[in-house]
file my_file_7.cif (mmCIF, C-alpha atoms)
data_coords
#
loop_
_atom_site.label_atom_id
_atom_site.label_comp_id
_atom_site.auth_asym_id
_atom_site.auth_seq_id
_atom_site.Cartn_x
_atom_site.Cartn_y
_atom_site.Cartn_z
CA MET Y 6 68.56 114.30 85.08
CA GLN Y 7 69.95 113.22 81.71
CA ALA Y 8 67.55 115.67 80.05
CA GLU Y 9 68.64 118.42 82.44
CA LEU Y 10 72.26 117.90 81.40
CA ALA Y 11 71.43 118.82 77.83
CA THR Y 12 69.82 122.10 78.86
CA ILE Y 13 72.51 123.42 81.20
CA ASP Y 14 73.36 126.99 80.19
CA THR Y 15 74.53 128.55 83.45
CA ILE Y 16 76.85 127.76 86.30
CA GLU Y 17 73.88 127.67 88.66
CA GLU Y 18 72.15 125.00 86.55
CA ALA Y 19 75.32 122.90 86.40
CA LEU Y 20 75.68 123.12 90.18
CA LYS Y 21 72.03 122.16 90.65
CA VAL Y 22 72.34 119.02 88.50
CA ARG Y 23 75.64 118.10 90.17
CA GLY Y 24 74.03 118.50 93.59
CA LYS Y 25 71.03 116.37 92.66
CA ALA Y 26 73.31 113.64 91.32
CA GLU Y 27 75.43 113.68 94.48
CA LEU Y 28 72.32 113.40 96.66
CA LEU Y 29 71.01 110.52 94.54
CA ARG Y 30 74.41 108.79 94.74
CA ILE Y 31 74.38 108.94 98.53
CA LEU Y 32 70.82 107.62 98.69
CA ALA Y 33 71.58 104.88 96.16
CA ILE Y 34 74.54 103.72 98.27
CA LYS Y 35 72.34 103.63 101.39
CA ILE Y 36 69.69 101.49 99.72
CA GLN Y 37 72.39 99.32 98.13
CA ALA Y 38 71.38 100.10 94.55
CA THR Y 39 72.83 98.13 91.68
CA LYS Y 40 76.18 98.98 90.12
CA SER Y 41 74.48 100.12 86.91
CA THR Y 42 72.31 102.57 88.89
CA LEU Y 43 75.34 103.94 90.72
CA ASP Y 44 77.24 104.20 87.44
CA SER Y 45 74.39 106.13 85.81
CA ILE Y 46 74.22 108.58 88.69
CA ALA Y 47 78.02 108.99 88.75
CA GLU Y 48 78.02 109.64 85.01
CA VAL Y 49 75.42 112.40 85.37
CA ARG Y 50 77.49 113.99 88.14
CA VAL Y 51 80.75 113.94 86.19
CA ARG Y 52 79.03 115.28 83.07
CA ALA Y 53 77.56 118.12 85.15
CA GLU Y 54 81.04 118.84 86.53
CA ARG Y 55 82.45 118.83 82.99
CA LYS Y 56 79.78 121.29 81.87
CA LEU Y 57 80.52 123.42 84.94
CA GLY Y 58 84.18 123.46 83.97
CA GLN Y 59 83.31 124.49 80.41
CA LEU Y 60 81.11 127.32 81.64
CA ILE Y 61 83.79 128.53 84.05
CA SER Y 62 86.45 128.37 81.33
CA ASP Y 63 84.22 130.40 79.00
CA ARG Y 64 83.85 133.24 81.51
CA PRO Y 65 85.71 136.37 80.38
CA GLU Y 66 87.26 136.91 83.82
CA THR Y 67 88.65 133.38 83.71
CA ARG Y 68 90.35 134.08 80.39
CA GLY Y 69 91.68 137.49 81.36
CA GLY Y 70 91.25 140.63 79.32
CA ASP Y 71 89.24 143.78 79.89
CA ARG Y 72 86.49 143.09 82.41
CA ARG Y 73 84.77 146.34 81.54
CA SER Y 74 84.22 145.32 77.92
CA GLU Y 75 80.75 144.94 76.44
CA ASP Y 76 81.27 141.18 76.02
CA PHE Y 77 82.08 140.79 79.71
CA GLN Y 78 79.05 142.83 80.76
CA ARG Y 79 76.74 140.87 78.46
CA TYR Y 80 78.09 137.51 79.62
CA SER Y 81 77.87 138.48 83.27
CA GLU Y 82 74.25 139.52 82.89
CA MET Y 83 73.40 136.33 81.02
CA THR Y 84 75.16 133.92 83.38
CA PHE Y 85 74.32 135.50 86.69
CA GLU Y 86 70.88 136.88 86.04
CA ASN Y 87 69.49 135.21 89.17
CA SER Y 88 72.56 135.84 91.31
CA GLU Y 89 73.37 138.76 93.53
CA SER Y 90 77.09 138.31 92.98
CA SER Y 91 79.16 137.25 90.02
CA THR Y 92 81.91 135.51 91.96
CA LEU Y 93 82.22 131.76 91.81
CA GLU Y 94 82.61 131.62 95.56
CA ALA Y 95 79.27 133.40 96.01
CA LEU Y 96 77.68 130.73 93.81
CA GLY Y 97 79.11 127.95 95.94
CA VAL Y 98 81.97 127.00 93.63
CA SER Y 99 85.17 126.51 95.61
CA LYS Y 100 88.57 127.02 94.02
CA ASN Y 101 89.07 123.27 94.24
CA LEU Y 102 85.80 122.49 92.43
CA SER Y 103 86.51 125.18 89.83
CA SER Y 104 89.99 123.83 89.12
CA ARG Y 105 88.81 120.22 89.13
CA SER Y 106 85.87 120.91 86.81
CA GLN Y 107 87.97 122.88 84.36
CA LEU Y 108 90.55 120.11 84.23
CA ILE Y 109 87.83 117.52 83.52
CA ALA Y 110 86.38 119.85 80.87
CA ALA Y 111 89.80 119.98 79.16
CA ILE Y 112 89.68 116.25 78.38
CA PRO Y 113 89.04 115.87 74.64
CA ASP Y 114 85.48 114.64 73.95
CA GLU Y 115 86.51 111.31 72.43
CA LYS Y 116 88.87 110.46 75.30
CA PHE Y 117 86.25 111.57 77.84
CA GLU Y 118 83.59 109.24 76.40
CA GLU Y 119 86.08 106.38 76.05
CA ARG Y 120 87.24 106.80 79.65
CA ILE Y 121 83.68 106.82 80.99
CA ARG Y 122 82.96 103.53 79.19
CA TYR Y 123 86.21 101.99 80.46
CA THR Y 124 85.86 103.28 84.01
CA THR Y 125 82.27 102.16 84.54
CA LYS Y 126 83.31 98.65 83.53
CA GLN Y 127 86.38 98.60 85.79
CA ILE Y 128 85.64 100.45 89.01
CA ASN Y 129 84.03 99.09 92.13
CA ARG Y 130 80.47 99.82 93.17
CA GLY Y 131 80.23 103.23 94.77
CA ARG Y 132 83.67 104.39 93.56
CA ASP Y 133 83.73 108.05 92.67
CA LEU Y 134 83.74 108.43 88.87
CA SER Y 135 84.47 112.13 89.27
CA ALA Y 136 87.70 111.34 91.10
CA GLU Y 137 88.64 108.82 88.43
CA MET Y 138 88.06 111.40 85.66
CA PHE Y 139 90.02 114.02 87.60
CA ASP Y 140 92.97 111.63 87.93
CA PHE Y 141 92.72 110.84 84.20
CA ALA Y 142 92.65 114.56 83.35
CA LYS Y 143 95.77 115.16 85.48
CA PHE Y 144 97.48 112.24 83.72
CA LEU Y 145 96.63 113.67 80.28
CA LYS Y 146 97.89 117.11 81.31
CA ARG Y 147 101.19 115.66 82.56
CA GLU Y 148 101.60 113.66 79.36
CA GLN Y 149 100.94 116.75 77.24
CA GLU Y 150 103.50 118.74 79.24
CA ARG Y 151 106.06 115.92 78.84
CA GLN Y 152 105.46 115.81 75.10
CA GLU Y 153 105.89 119.59 74.84
CA ARG Y 154 109.18 119.36 76.78
CA ARG Y 155 110.39 116.54 74.50
CA GLU Y 156 109.54 118.56 71.39
CA GLU Y 157 111.28 121.64 72.80
CA ALA Y 158 114.39 119.62 73.67
CA ALA Y 159 114.43 118.05 70.20
CA SER Y 160 114.15 121.44 68.49
CA ARG Y 161 116.97 122.82 70.67
CA ALA Y 162 119.12 119.79 69.92
CA ALA Y 163 118.53 120.24 66.18
CA GLU Y 164 119.85 123.79 66.43
CA ILE Y 165 123.17 122.74 68.00
CA VAL Y 166 126.01 122.62 65.49
CA PRO Y 167 128.63 120.05 66.44
CA ASP Y 168 132.17 121.30 66.87
CA GLU Y 169 134.14 119.57 64.12
CA GLY Y 170 137.37 119.50 66.13
CA THR Y 171 135.75 117.61 68.96
CA PHE Y 172 135.04 114.50 66.93
CA GLU Y 173 138.49 113.99 65.36
CA GLN Y 174 139.97 110.55 65.68
CA PRO Y 175 143.25 110.46 67.60
CA PRO Y 176 146.21 109.32 65.52
CA MET Y 177 146.85 105.60 65.66
CA GLY Y 178 150.29 104.59 66.50
#
call {"tool": "encode", "arguments": {"input": "my_file_7.cif", "output": "C-alpha cells"}}
result
Amino acid sequence: MQAELATIDTIEEALKVRGKAELLRILAIKIQATKSTLDSIAEVRVRAERKLGQLISDRPETRGGDRRSEDFQRYSEMTFENSESSTLEALGVSKNLSSRSQLIAAIPDEKFEERIRYTTKQINRGRDLSAEMFDFAKFLKREQERQERREEAASRAAEIVPDEGTFEQPPMG
C-alpha cells in the first residue's frame, strides 16, 4: 500500500487506499497485531486521507470561480473519468471526511512528518492516528487564527495616537 500512496492521482484512488488501510487496521486489531504493524497501517490511512484532502482542495469547484471554464472541464474529466457523477457525495466522500481530509492536508509537510513520528511513539496500540492528526490540524488552525488576531490588534494599537491631555500629571500641592 505504500507504493499505492505514491501513485494516487484521483479522489477514487485515495478513497480506495484509505479503505484498504481501514480494513487492514480492523483485521490487525482482531488478530492482535504488533504496535508497529498497527502504526504502519494507520500511517498509510492518514497519508491517504491527506492526499484525499489535497485532491479535494485542488478541485476548481472547491476553490470557487467559473465552473464552466476550460480548466474546470479538463480537471473534471481527468479526475472523474471513471465516475458517473462529479460530486464528492456520489464518490462516497461525506462532508465530514472532506473537511477532515482538507484540514489534515493543510498541515505543513515538516510538521506533518514530525507529528507522525511523535504520535506513533506516544499513542496506545490501536489508537486512531487519523483522529490524532485531525486534532493536531485543528490545534494548528486555532493557533494560526490567534496569531493573526494578535497581529491585527498590534497593528491597530500602533495606529492609535495617544491624547496628550490625558497623560498630564496633576499638580502637586
call {"tool": "closest_residue", "arguments": {"input": "my_file_7.cif", "among": "Y:Ile112, Y:Arg154, Y:Ala163, Y:Arg23", "to": "Val51 of chain Y", "atoms": "only C-alpha atoms"}}
result
Y:Arg23
call {"tool": "closest_residue", "arguments": {"input": "my_file_7.cif", "among": "Y:Ser62, Y:Thr12, Y:Ser135, Y:Gln127", "to": "Ser103 of chain Y", "atoms": "only C-alpha atoms"}}
result
Y:Ser62
call {"tool": "resolve_selection", "arguments": {"input": "my_file_7.cif", "expression": "the PyMOL selection byres ((chain Y and resi 48) around 10)", "output": "MDAnalysis selection string"}}
result
chainID Y and resid 7 26 42:47 49:54 121:122 125 133:135
call {"tool": "atom_distance", "arguments": {"input": "my_file_7.cif", "atom1": "atom CA of Ile31 of chain Y", "atom2": "atom CA of Phe144 of chain Y"}}
result
27.6 Å
call {"tool": "resolve_selection", "arguments": {"input": "my_file_7.cif", "expression": "the PyMOL selection byres ((chain Y and resi 14) around 10)", "output": "ChimeraX atom specification"}}
result
/Y:10-13,15-19,56-57,60,83-84
